[in-house]
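S.K.: Enclosed is the structure file input.cif (mmCIF, C-alpha atoms, pLDDT in the B column; chains and numbers go by the auth columns).
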```
data_work
#
loop_
_atom_site.group_PDB
_atom_site.id
_atom_site.type_symbol
_atom_site.label_atom_id
_atom_site.label_comp_id
_atom_site.label_asym_id
_atom_site.label_seq_id
_atom_site.Cartn_x
_atom_site.Cartn_y
_atom_site.Cartn_z
_atom_site.B_iso_or_equiv
_atom_site.auth_seq_id
_atom_site.auth_asym_id
ATOM 1 C CA MET A 1 -107.075 50.007 -115.922 48.00 1 A
ATOM 2 C CA GLY A 2 -108.924 46.953 -114.611 52.00 2 A
ATOM 3 C CA ASP A 3 -106.045 46.140 -112.284 54.00 3 A
ATOM 4 C CA HIS A 4 -106.523 46.373 -108.558 53.00 4 A
ATOM 5 C CA LYS A 5 -103.474 47.010 -106.401 53.00 5 A
ATOM 6 C CA ASP A 6 -103.486 45.013 -103.155 51.00 6 A
ATOM 7 C CA ASN A 7 -100.361 44.652 -101.005 55.00 7 A
ATOM 8 C CA GLY A 8 -98.087 45.571 -103.894 60.00 8 A
ATOM 9 C CA ILE A 9 -99.501 42.989 -106.336 62.00 9 A
ATOM 10 C CA ASN A 10 -101.475 44.008 -109.410 71.00 10 A
ATOM 11 C CA VAL A 11 -104.565 41.811 -109.651 72.00 11 A
ATOM 12 C CA ASP A 12 -106.665 41.789 -112.789 76.00 12 A
ATOM 13 C CA PRO A 13 -110.238 40.911 -111.728 79.00 13 A
ATOM 14 C CA ALA A 14 -111.121 39.838 -115.283 81.00 14 A
ATOM 15 C CA TYR A 15 -108.224 37.356 -115.245 77.00 15 A
ATOM 16 C CA VAL A 16 -109.344 35.941 -111.898 77.00 16 A
ATOM 17 C CA ARG A 17 -112.906 35.623 -113.247 81.00 17 A
ATOM 18 C CA ALA A 18 -111.557 33.815 -116.316 81.00 18 A
ATOM 19 C CA LEU A 19 -109.691 31.365 -114.066 76.00 19 A
ATOM 20 C CA ALA A 20 -112.861 30.810 -112.018 77.00 20 A
ATOM 21 C CA GLU A 21 -114.814 30.130 -115.231 79.00 21 A
ATOM 22 C CA LEU A 22 -112.119 27.626 -116.240 75.00 22 A
ATOM 23 C CA LEU A 23 -112.736 25.797 -112.951 70.00 23 A
ATOM 24 C CA ASP A 24 -116.449 25.630 -113.748 72.00 24 A
ATOM 25 C CA ASP A 25 -115.857 24.512 -117.334 74.00 25 A
ATOM 26 C CA THR A 26 -113.426 21.718 -116.417 72.00 26 A
ATOM 27 C CA GLY A 27 -114.937 20.614 -113.107 71.00 27 A
ATOM 28 C CA LEU A 28 -111.587 21.115 -111.359 72.00 28 A
ATOM 29 C CA SER A 29 -111.405 22.256 -107.762 74.00 29 A
ATOM 30 C CA GLU A 30 -108.418 24.603 -108.012 77.00 30 A
ATOM 31 C CA ILE A 31 -105.979 26.217 -110.401 75.00 31 A
ATOM 32 C CA GLU A 32 -102.742 28.087 -109.761 78.00 32 A
ATOM 33 C CA VAL A 33 -100.925 30.341 -112.209 78.00 33 A
ATOM 34 C CA GLU A 34 -97.450 31.734 -111.668 78.00 34 A
ATOM 35 C CA ASP A 35 -95.916 34.628 -113.574 73.00 35 A
ATOM 36 C CA GLY A 36 -92.515 35.555 -112.235 72.00 36 A
ATOM 37 C CA GLU A 37 -92.991 36.472 -108.582 73.00 37 A
ATOM 38 C CA ARG A 38 -96.751 36.851 -108.949 74.00 38 A
ATOM 39 C CA LYS A 39 -98.826 33.786 -108.128 76.00 39 A
ATOM 40 C CA ILE A 40 -102.616 33.545 -108.378 78.00 40 A
ATOM 41 C CA ARG A 41 -104.529 30.587 -106.947 77.00 41 A
ATOM 42 C CA VAL A 42 -108.261 30.181 -107.457 76.00 42 A
ATOM 43 C CA ALA A 43 -109.973 27.352 -105.565 76.00 43 A
ATOM 44 C CA ARG A 44 -113.467 26.298 -104.747 70.00 44 A
ATOM 45 C CA THR A 45 -114.989 23.847 -102.329 63.00 45 A
ATOM 46 C CA LEU A 46 -116.946 21.096 -103.983 52.00 46 A
ATOM 47 C CA ASN A 47 -119.962 20.651 -101.727 48.00 47 A
ATOM 48 C CA ALA A 48 -121.729 18.255 -104.084 42.00 48 A
ATOM 49 C CA ALA A 49 -118.933 15.653 -104.085 41.00 49 A
ATOM 50 C CA PRO A 50 -119.557 14.213 -100.596 43.00 50 A
ATOM 51 C CA VAL A 51 -123.256 13.866 -101.419 40.00 51 A
ATOM 52 C CA ALA A 52 -122.378 11.962 -104.601 40.00 52 A
ATOM 53 C CA TYR A 53 -120.012 9.635 -102.723 39.00 53 A
ATOM 54 C CA ALA A 54 -122.426 8.781 -99.906 40.00 54 A
ATOM 55 C CA PRO A 55 -125.044 7.035 -102.120 42.00 55 A
ATOM 56 C CA ALA A 56 -122.315 5.246 -104.059 41.00 56 A
ATOM 57 C CA ALA A 57 -120.896 3.764 -100.848 42.00 57 A
ATOM 58 C CA ALA A 58 -124.176 2.103 -99.872 43.00 58 A
ATOM 59 C CA PRO A 59 -124.434 -0.162 -102.969 45.00 59 A
ATOM 60 C CA VAL A 60 -120.782 -1.180 -102.584 46.00 60 A
ATOM 61 C CA ALA A 61 -121.421 -2.159 -98.963 46.00 61 A
ATOM 62 C CA ALA A 62 -124.512 -4.107 -100.045 47.00 62 A
ATOM 63 C CA ALA A 63 -122.509 -5.915 -102.734 46.00 63 A
ATOM 64 C CA ALA A 64 -119.700 -6.841 -100.319 46.00 64 A
ATOM 65 C CA PRO A 65 -121.656 -9.548 -98.421 49.00 65 A
ATOM 66 C CA ALA A 66 -122.687 -11.193 -101.712 49.00 66 A
ATOM 67 C CA ALA A 67 -119.055 -11.663 -102.801 46.00 67 A
ATOM 68 C CA PRO A 68 -116.737 -10.925 -99.861 47.00 68 A
ATOM 69 C CA ALA A 69 -113.543 -12.406 -101.358 46.00 69 A
ATOM 70 C CA ALA A 70 -113.454 -10.409 -104.620 42.00 70 A
ATOM 71 C CA PRO A 71 -114.007 -6.860 -103.246 44.00 71 A
ATOM 72 C CA ALA A 72 -111.607 -7.442 -100.352 42.00 72 A
ATOM 73 C CA ALA A 73 -108.852 -8.610 -102.698 40.00 73 A
ATOM 74 C CA ALA A 74 -109.164 -5.743 -105.197 40.00 74 A
ATOM 75 C CA PRO A 75 -108.653 -2.682 -102.929 42.00 75 A
ATOM 76 C CA ALA A 76 -105.560 -4.024 -101.143 41.00 76 A
ATOM 77 C CA PRO A 77 -103.355 -4.284 -104.261 45.00 77 A
ATOM 78 C CA ALA A 78 -104.644 -0.932 -105.518 43.00 78 A
ATOM 79 C CA ALA A 79 -103.577 0.745 -102.274 46.00 79 A
ATOM 80 C CA ASP A 80 -100.133 -0.843 -102.571 47.00 80 A
ATOM 81 C CA ASN A 81 -99.839 0.309 -106.204 45.00 81 A
ATOM 82 C CA PHE A 82 -100.647 3.888 -105.219 75.00 82 A
ATOM 83 C CA ALA A 83 -97.912 3.943 -102.579 78.00 83 A
ATOM 84 C CA ASP A 84 -95.259 3.600 -105.306 84.00 84 A
ATOM 85 C CA ALA A 85 -97.230 5.433 -107.992 89.00 85 A
ATOM 86 C CA VAL A 86 -95.949 8.476 -109.831 92.00 86 A
ATOM 87 C CA LYS A 87 -98.377 11.256 -108.921 92.00 87 A
ATOM 88 C CA SER A 88 -99.595 14.201 -110.929 92.00 88 A
ATOM 89 C CA PRO A 89 -97.530 17.347 -110.384 93.00 89 A
ATOM 90 C CA MET A 90 -100.472 19.527 -111.464 93.00 90 A
ATOM 91 C CA VAL A 91 -104.173 19.781 -112.126 94.00 91 A
ATOM 92 C CA GLY A 92 -105.103 19.083 -115.734 95.00 92 A
ATOM 93 C CA THR A 93 -106.278 16.530 -118.290 95.00 93 A
ATOM 94 C CA VAL A 94 -104.396 13.291 -118.956 95.00 94 A
ATOM 95 C CA TYR A 95 -103.548 12.064 -122.426 95.00 95 A
ATOM 96 C CA LEU A 96 -102.003 8.608 -122.823 94.00 96 A
ATOM 97 C CA SER A 97 -100.935 9.131 -126.454 93.00 97 A
ATOM 98 C CA PRO A 98 -99.196 11.962 -128.305 91.00 98 A
ATOM 99 C CA GLU A 99 -102.285 12.675 -130.436 90.00 99 A
ATOM 100 C CA PRO A 100 -105.806 11.313 -130.939 89.00 100 A
ATOM 101 C CA GLY A 101 -105.776 7.920 -132.660 90.00 101 A
ATOM 102 C CA ALA A 102 -102.071 7.327 -132.022 91.00 102 A
ATOM 103 C CA ALA A 103 -100.702 4.455 -129.936 92.00 103 A
ATOM 104 C CA ASN A 104 -100.154 5.103 -126.226 93.00 104 A
ATOM 105 C CA PHE A 105 -96.722 6.297 -125.130 93.00 105 A
ATOM 106 C CA ALA A 106 -96.256 3.040 -123.167 92.00 106 A
ATOM 107 C CA ALA A 107 -98.235 -0.161 -122.623 91.00 107 A
ATOM 108 C CA ILE A 108 -98.722 -1.950 -119.328 93.00 108 A
ATOM 109 C CA GLY A 109 -96.021 -4.597 -119.055 94.00 109 A
ATOM 110 C CA SER A 110 -93.588 -2.774 -121.340 93.00 110 A
ATOM 111 C CA ALA A 111 -90.069 -1.853 -120.313 94.00 111 A
ATOM 112 C CA VAL A 112 -89.445 1.871 -119.877 93.00 112 A
ATOM 113 C CA LYS A 113 -86.281 3.850 -119.324 94.00 113 A
ATOM 114 C CA ALA A 114 -85.843 6.783 -116.962 93.00 114 A
ATOM 115 C CA GLY A 115 -86.975 9.896 -118.824 93.00 115 A
ATOM 116 C CA ASP A 116 -89.369 8.090 -121.205 93.00 116 A
ATOM 117 C CA THR A 117 -92.678 9.933 -121.585 93.00 117 A
ATOM 118 C CA ILE A 118 -95.488 7.819 -120.106 92.00 118 A
ATOM 119 C CA LEU A 119 -98.325 10.315 -120.529 94.00 119 A
ATOM 120 C CA ILE A 120 -99.122 14.015 -120.906 94.00 120 A
ATOM 121 C CA VAL A 121 -100.990 16.289 -118.523 94.00 121 A
ATOM 122 C CA GLU A 122 -102.516 19.272 -120.292 93.00 122 A
ATOM 123 C CA ALA A 123 -102.827 22.334 -118.084 91.00 123 A
ATOM 124 C CA MET A 124 -103.810 25.774 -119.375 90.00 124 A
ATOM 125 C CA LYS A 125 -103.401 24.595 -123.002 89.00 125 A
ATOM 126 C CA VAL A 126 -99.800 23.496 -122.286 91.00 126 A
ATOM 127 C CA MET A 127 -98.871 19.842 -122.842 91.00 127 A
ATOM 128 C CA ASN A 128 -96.647 18.695 -119.961 92.00 128 A
ATOM 129 C CA PRO A 129 -94.896 15.348 -120.500 93.00 129 A
ATOM 130 C CA ILE A 130 -94.847 13.129 -117.405 93.00 130 A
ATOM 131 C CA THR A 131 -91.804 10.890 -117.600 93.00 131 A
ATOM 132 C CA ALA A 132 -90.639 7.702 -115.940 92.00 132 A
ATOM 133 C CA PRO A 133 -88.552 8.628 -112.881 93.00 133 A
ATOM 134 C CA ALA A 134 -86.569 5.380 -113.176 92.00 134 A
ATOM 135 C CA SER A 135 -86.130 2.430 -115.526 94.00 135 A
ATOM 136 C CA GLY A 136 -88.383 -0.570 -115.018 94.00 136 A
ATOM 137 C CA THR A 137 -91.636 -2.130 -116.152 94.00 137 A
ATOM 138 C CA LEU A 138 -94.883 -0.170 -116.438 93.00 138 A
ATOM 139 C CA LYS A 139 -97.045 -2.113 -113.967 93.00 139 A
ATOM 140 C CA ALA A 140 -100.223 -0.028 -113.948 91.00 140 A
ATOM 141 C CA VAL A 141 -101.831 3.108 -115.336 92.00 141 A
ATOM 142 C CA HIS A 142 -104.274 4.532 -112.768 93.00 142 A
ATOM 143 C CA VAL A 143 -105.986 7.038 -115.090 94.00 143 A
ATOM 144 C CA GLU A 144 -107.889 6.920 -118.351 93.00 144 A
ATOM 145 C CA ASN A 145 -107.296 8.914 -121.507 93.00 145 A
ATOM 146 C CA SER A 146 -108.849 12.423 -121.427 93.00 146 A
ATOM 147 C CA GLN A 147 -109.569 12.108 -117.697 94.00 147 A
ATOM 148 C CA PRO A 148 -109.245 15.224 -115.522 95.00 148 A
ATOM 149 C CA VAL A 149 -106.705 14.787 -112.714 94.00 149 A
ATOM 150 C CA GLU A 150 -105.996 16.623 -109.504 94.00 150 A
ATOM 151 C CA PHE A 151 -102.634 17.524 -108.001 92.00 151 A
ATOM 152 C CA ASP A 152 -100.958 14.490 -106.354 91.00 152 A
ATOM 153 C CA GLN A 153 -103.393 11.995 -107.944 93.00 153 A
ATOM 154 C CA PRO A 154 -101.719 8.637 -108.764 94.00 154 A
ATOM 155 C CA LEU A 155 -100.975 8.358 -112.496 93.00 155 A
ATOM 156 C CA PHE A 156 -98.918 5.201 -113.062 92.00 156 A
ATOM 157 C CA THR A 157 -96.692 2.665 -111.329 92.00 157 A
ATOM 158 C CA ILE A 158 -93.279 1.473 -112.519 92.00 158 A
ATOM 159 C CA SER A 159 -91.312 -1.255 -110.778 90.00 159 A
#
```
How does the structure come out when it is put into structure tokens?
M.R.:
Amino acid sequence: MGDHKDNGINVDPAYVRALAELLDDTGLSEIEVEDGERKIRVARTLNAAPVAYAPAAAPVAAAAPAAPAAPAAAPAPAADNFADAVKSPMVGTVYLSPEPGAANFAAIGSAVKAGDTILIVEAMKVMNPITAPASGTLKAVHVENSQPVEFDQPLFTIS
């Protein structure tokens, strides 16, 4: 009864509101749910984020003249690591271990095989294993345990 028919798609306003509340609760900027041919995407613009970044940039710029070699060296390798990084296929929360208190799926410097689970991204109460796309060595993990991640955010690097 609460469904609204628009262009042939049944839309449940209560469901859309629940998705919007989930955005507020998790601090995420968007969420997309697909059910067969029906797809619902709820997104919001985060106006507060640019304001938060602007003050943070000023202290970094002030710190750069005090130690120019260290800050200049750190961002360059990070940018290179992200170019080859495996990126998040979805918005969710990252977990580096199978359960709280357990060892991480993989440690930096360890050898991994294609298909090995490196971490989990939880989205909509579903645990989605993110696996190594190829065999190699886990060079870096770009996220922390229980951290929210956005779509296409770098997760880890294997070489």
S.K.: If I take CA of Val112 (chain A) and CA of Ser146 (chain A), how far is one from the other in Å, to one decimal?
M.R.: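 About the pair CA of Val112 (chain A) and CA of Ser146 (chain A): they are 22.1 Å apart.
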S.K.: Can you work out the spacing between CA of Asp152 (chain A) and CA of Lys125 (chain A) in Å, to one decimal?
M.R.: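 These two atoms are separated by 19.6 Å.
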S.K.: Can you tell me how far CA of Glu144 (chain A) sits from CA of Ala43 (chain A), in Å to one decimal?
M.R.: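 Distance between the two atoms: 24.2 Å.
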S.K.: Give me, as a ChimeraX atom specification, all polymer residues having an atom no more than 12 Å from Ala85 (chain A), counting only C-alpha atoms and skipping those fewer than 6 positions away in the same chain.
M.R.: /A:78-79,132-134,138-143,152-159
S.K.: Evaluating the PyMOL selection byres ((chain A and resi 20) around 10) on the displayed file yields which residues, as a compact mmCIF listing (two decimals) with C-alpha atoms, keeping the file's coordinate frame?
M.R.:
```txt
# COMPACT_ATOMS: atom_id res chain seq x y z
CA ALA A 14 -111.12 39.84 -115.28
CA TYR A 15 -108.22 37.36 -115.24
CA VAL A 16 -109.34 35.94 -111.90
CA ARG A 17 -112.91 35.62 -113.25
CA ALA A 18 -111.56 33.82 -116.32
CA LEU A 19 -109.69 31.36 -114.07
CA GLU A 21 -114.81 30.13 -115.23
CA LEU A 22 -112.12 27.63 -116.24
CA LEU A 23 -112.74 25.80 -112.95
CA ASP A 24 -116.45 25.63 -113.75
CA ASP A 25 -115.86 24.51 -117.33
CA LEU A 28 -111.59 21.12 -111.36
CA SER A 29 -111.40 22.26 -107.76
CA GLU A 30 -108.42 24.60 -108.01
CA ILE A 31 -105.98 26.22 -110.40
CA ARG A 41 -104.53 30.59 -106.95
CA VAL A 42 -108.26 30.18 -107.46
CA ALA A 43 -109.97 27.35 -105.56
CA ARG A 44 -113.47 26.30 -104.75
```
S.K.: From the set A:Ala111, A:Ala83, A:Ile40, A:Val149, which residue has the shortest atom-to-atom contact distance to Ala123 (chain A), counting all atoms listed in the file?
M.R.: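 Using all atoms listed in the file, Ala123 (chain A) sits closest to A:Val149.
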S.K.: Considering all atoms listed in the file, state which residue in the set A:Pro100, A:Asp35, A:Gly92, A:Ser135 is at the smallest distance from Thr117 (chain A).
M.R.: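 Closest to Thr117 (chain A), using all atoms listed in the file: A:Ser135.
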S.K.: Which residue is closest to Met90 (chain A)? Choose from A:Val33, A:Val121, A:Val11, A:Ala114 and count all atoms listed in the file.
M.R.: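 Result for the nearest residue to Met90 (chain A): A:Val121.
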S.K.: Tell me which of A:Gly101, A:Pro129, A:Gly27, A:Gly115 sits closest to Pro89 (chain A), counting all atoms listed in the file.
M.R.: A:Pro129
S.K.: Ranking A:Ile108, A:Asn10, A:Ala102, A:Phe82 by minimum distance to Thr137 (chain A) and counting all atoms listed in the file, which one comes first?
M.R.: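 Residue with the minimum atom-to-atom distance to Thr137 (chain A): A:Ile108.
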S.K.: Taking into account only C-alpha atoms, which residue in the set A:Gly109, A:Pro148, A:Asn104, A:Val94 is nearest to Asn128 (chain A)?
M.R.: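 The answer is A:Val94, which sits nearest to Asn128 (chain A).
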S.K.: Can you sort out the box for region 80-97 of chain A, edges along x, y and z, all listed atoms in, 3 Å on every side, with centre and edge lengths in Å to one decimal, as AutoDock Vina command-line options?
M.R.:
```
--center_x -100.8 --center_y 9.5 --center_z -114.5 --size_x 17.0 --size_y 26.6 --size_z 29.9
```
S.K.: Using the atoms already present, construct N, CA and C atoms for region 100-113 of chain A and hand them back as a short mmCIF file (atom, residue, chain, number, x, y, z; two decimals), keeping the file's coordinate frame.
M.R.:
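Written file, out12.cif:
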```
data_model
loop_
_atom_site.label_atom_id
_atom_site.label_comp_id
_atom_site.auth_asym_id
_atom_site.auth_seq_id
_atom_site.Cartn_x
_atom_site.Cartn_y
_atom_site.Cartn_z
N PRO A 100 -104.65 12.20 -130.82
CA PRO A 100 -105.81 11.31 -130.94
C PRO A 100 -105.59 10.25 -132.02
N GLY A 101 -105.92 9.01 -131.70
CA GLY A 101 -105.78 7.92 -132.66
C GLY A 101 -104.40 7.27 -132.68
N ALA A 102 -103.42 7.89 -132.05
CA ALA A 102 -102.07 7.33 -132.02
C ALA A 102 -101.96 6.30 -130.90
N ALA A 103 -100.95 5.44 -130.99
CA ALA A 103 -100.70 4.46 -129.94
C ALA A 103 -100.28 5.17 -128.65
N ASN A 104 -100.56 4.54 -127.52
CA ASN A 104 -100.15 5.10 -126.23
C ASN A 104 -98.64 5.21 -126.15
N PHE A 105 -98.16 6.13 -125.33
CA PHE A 105 -96.72 6.30 -125.13
C PHE A 105 -96.10 4.99 -124.65
N ALA A 106 -96.77 4.29 -123.72
CA ALA A 106 -96.26 3.04 -123.17
C ALA A 106 -97.43 2.13 -122.82
N ALA A 107 -97.20 0.82 -122.94
CA ALA A 107 -98.24 -0.16 -122.62
C ALA A 107 -97.90 -0.83 -121.30
N ILE A 108 -98.94 -1.24 -120.58
CA ILE A 108 -98.72 -1.95 -119.33
C ILE A 108 -97.93 -3.22 -119.64
N GLY A 109 -96.89 -3.45 -118.85
CA GLY A 109 -96.02 -4.60 -119.06
C GLY A 109 -94.79 -4.29 -119.89
N SER A 110 -94.75 -3.12 -120.50
CA SER A 110 -93.59 -2.77 -121.34
C SER A 110 -92.46 -2.21 -120.49
N ALA A 111 -91.24 -2.40 -120.99
CA ALA A 111 -90.07 -1.85 -120.31
C ALA A 111 -89.95 -0.38 -120.66
N VAL A 112 -89.65 0.44 -119.66
CA VAL A 112 -89.44 1.87 -119.88
C VAL A 112 -88.11 2.28 -119.27
N LYS A 113 -87.54 3.31 -119.83
CA LYS A 113 -86.28 3.85 -119.32
C LYS A 113 -86.56 5.16 -118.61
#
```
